[in-house]
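Read through the structure below, which is laid out as structure tokens, and then see the notes.
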Amino acid sequence: MKLALRITLVLIITSSGAVTDAADENKADQAEEQPALDIDTILSENAGPDDYRESRNCLRVREYRSVEILDARHLLFIGRNKMWLNELRHRCPSLRPNQILVFERQGVTLCDTNRVSGRDRHLPGIWRGSCLLGRFSVIDEQQALALKDAIAQAGQTRRKKREKKGDES
């Protein structure tokens, strides 16, 4: 009886240690899967000697002509002669490229206190969650391209890791 109790106790201790190790490994895998994009680094590496980060709370609606969804955290507002990067206050996983964006605003300005929602083009009436805008930072075309490339590379890295993980299973 004492022998059976000791074996059970040893198995429980060993099992709980294995669970902890697996949980720690899972957290590490998740951290590796989603590398953080350091926007400031990307933009400063591509800045010219006269560039500076002009940032503001609001844009007038006439200042921009289109908006691109770069990823779940970044929108690119494109005007005639300027571009603005808007880093949403929180990650917005419901935003996807090629969605129709609907901005909740009052008046002729779009501000960092306004919300944005995405609607699927092919599923009328299907709305995704809304997200809170952040500040608008002026960037140039070279910075926008570098940012798009970095986001694309991060997405490819995540996909490769998921595929590799799937192959190992």
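The chains in the structure tokens are called A, B, ... from first to last as shown; in each chain the residues are counted from 1, and the ligands are counted from 1 in the order shown.
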Among stretch 76-169 of chain A, which ones does DSSP place in helix (DSSP H, G or I), written as a ChimeraX atom specification? /A:141-168
Write the residues of the selection above to a file with C-alpha atoms, as a PDB file, in the first residue's frame.
ATOM      1  CA  GLU A 141       6.683  56.895 -49.432  1.00  0.00           C
ATOM      2  CA  GLN A 142       9.991  55.162 -48.658  1.00  0.00           C
ATOM      3  CA  GLN A 143       8.974  54.682 -45.019  1.00  0.00           C
ATOM      4  CA  ALA A 144       5.566  53.344 -46.091  1.00  0.00           C
ATOM      5  CA  LEU A 145       7.230  50.800 -48.407  1.00  0.00           C
ATOM      6  CA  ALA A 146       9.670  49.711 -45.680  1.00  0.00           C
ATOM      7  CA  LEU A 147       6.787  49.307 -43.263  1.00  0.00           C
ATOM      8  CA  LYS A 148       4.759  47.248 -45.759  1.00  0.00           C
ATOM      9  CA  ASP A 149       7.791  45.023 -46.419  1.00  0.00           C
ATOM     10  CA  ALA A 150       8.411  44.487 -42.689  1.00  0.00           C
ATOM     11  CA  ILE A 151       4.764  43.585 -42.099  1.00  0.00           C
ATOM     12  CA  ALA A 152       4.775  41.168 -45.057  1.00  0.00           C
ATOM     13  CA  GLN A 153       7.982  39.500 -43.821  1.00  0.00           C
ATOM     14  CA  ALA A 154       6.564  39.142 -40.306  1.00  0.00           C
ATOM     15  CA  GLY A 155       3.458  37.485 -41.768  1.00  0.00           C
ATOM     16  CA  GLN A 156       5.561  35.065 -43.833  1.00  0.00           C
ATOM     17  CA  THR A 157       7.636  34.170 -40.777  1.00  0.00           C
ATOM     18  CA  ARG A 158       4.490  33.420 -38.751  1.00  0.00           C
ATOM     19  CA  ARG A 159       3.067  31.276 -41.580  1.00  0.00           C
ATOM     20  CA  LYS A 160       6.296  29.275 -41.934  1.00  0.00           C
ATOM     21  CA  LYS A 161       6.415  28.609 -38.193  1.00  0.00           C
ATOM     22  CA  ARG A 162       2.785  27.440 -38.201  1.00  0.00           C
ATOM     23  CA  GLU A 163       3.468  25.153 -41.186  1.00  0.00           C
ATOM     24  CA  LYS A 164       6.574  23.762 -39.517  1.00  0.00           C
ATOM     25  CA  LYS A 165       4.637  23.197 -36.299  1.00  0.00           C
ATOM     26  CA  GLY A 166       1.878  21.430 -38.285  1.00  0.00           C
ATOM     27  CA  ASP A 167       4.413  19.158 -39.984  1.00  0.00           C
ATOM     28  CA  GLU A 168       5.876  18.159 -36.623  1.00  0.00           C
TER      29      GLU A 168
END
Tell me which protein, DNA and RNA residues are within 10 Å of stretch 72-88 of chain A, counting only C-alpha atoms, leaving out same-chain ones fewer than 4 positions away, and put them as a PyMOL selection string. chain A and resi 39+54-57+59+61-68+92-97+112+115-116+131-141+143-144+147-148+151
Go ahead and compute the interatomic distance for atom CA of A:Trp127 and atom CA of A:His90, in Å to one decimal.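 Taking atom CA of A:Trp127 and atom CA of A:His90, their separation equals 18.4 Å.
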Where does DSSP see strand (DSSP E) in stretch 44-125 of chain A, if you list the residues as a PyMOL selection string? chain A and resi 55-56+58-60+66-69+74-78+83-87+100-104+109-111+115-119
Okay, now the selection with C-alpha atoms, as an mmCIF file, in the first residue's frame?
data_model
loop_
_atom_site.group_PDB
_atom_site.id
_atom_site.type_symbol
_atom_site.label_atom_id
_atom_site.label_comp_id
_atom_site.auth_asym_id
_atom_site.auth_seq_id
_atom_site.Cartn_x
_atom_site.Cartn_y
_atom_site.Cartn_z
ATOM 1 C CA SER A 55 2.184 63.579 -35.222
ATOM 2 C CA ARG A 56 -1.277 64.893 -34.629
ATOM 3 C CA CYS A 58 -6.890 64.597 -36.187
ATOM 4 C CA LEU A 59 -7.029 64.671 -39.986
ATOM 5 C CA ARG A 60 -9.530 66.597 -42.024
ATOM 6 C CA SER A 66 -7.744 56.404 -49.451
ATOM 7 C CA VAL A 67 -6.894 54.163 -46.514
ATOM 8 C CA GLU A 68 -4.980 50.857 -46.582
ATOM 9 C CA ILE A 69 -5.159 48.226 -43.868
ATOM 10 C CA HIS A 74 -1.737 49.852 -38.605
ATOM 11 C CA LEU A 75 -3.679 51.894 -41.153
ATOM 12 C CA LEU A 76 -2.076 53.985 -43.886
ATOM 13 C CA PHE A 77 -3.954 57.153 -44.866
ATOM 14 C CA ILE A 78 -2.918 58.333 -48.326
ATOM 15 C CA MET A 83 0.829 59.862 -46.022
ATOM 16 C CA TRP A 84 -0.108 59.284 -42.409
ATOM 17 C CA LEU A 85 0.420 56.142 -40.397
ATOM 18 C CA ASN A 86 -2.223 55.459 -37.782
ATOM 19 C CA GLU A 87 -1.216 52.957 -35.132
ATOM 20 C CA ILE A 100 -14.453 48.311 -46.590
ATOM 21 C CA LEU A 101 -13.613 50.648 -43.715
ATOM 22 C CA VAL A 102 -16.321 52.631 -41.972
ATOM 23 C CA PHE A 103 -15.221 55.452 -39.680
ATOM 24 C CA GLU A 104 -17.417 56.783 -36.897
ATOM 25 C CA THR A 109 -12.383 65.581 -39.016
ATOM 26 C CA LEU A 110 -11.276 62.089 -38.158
ATOM 27 C CA CYS A 111 -9.567 61.966 -34.757
ATOM 28 C CA ARG A 115 -13.621 54.262 -34.116
ATOM 29 C CA VAL A 116 -13.129 52.281 -37.305
ATOM 30 C CA SER A 117 -14.979 49.106 -38.343
ATOM 31 C CA GLY A 118 -14.358 46.732 -41.211
ATOM 32 C CA ARG A 119 -17.045 45.275 -43.452
#
Calculate how many Å separate atom CA of A:Leu70 from atom CA of A:Asn98, rounding to one decimal.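 So the answer is 10.1 Å.
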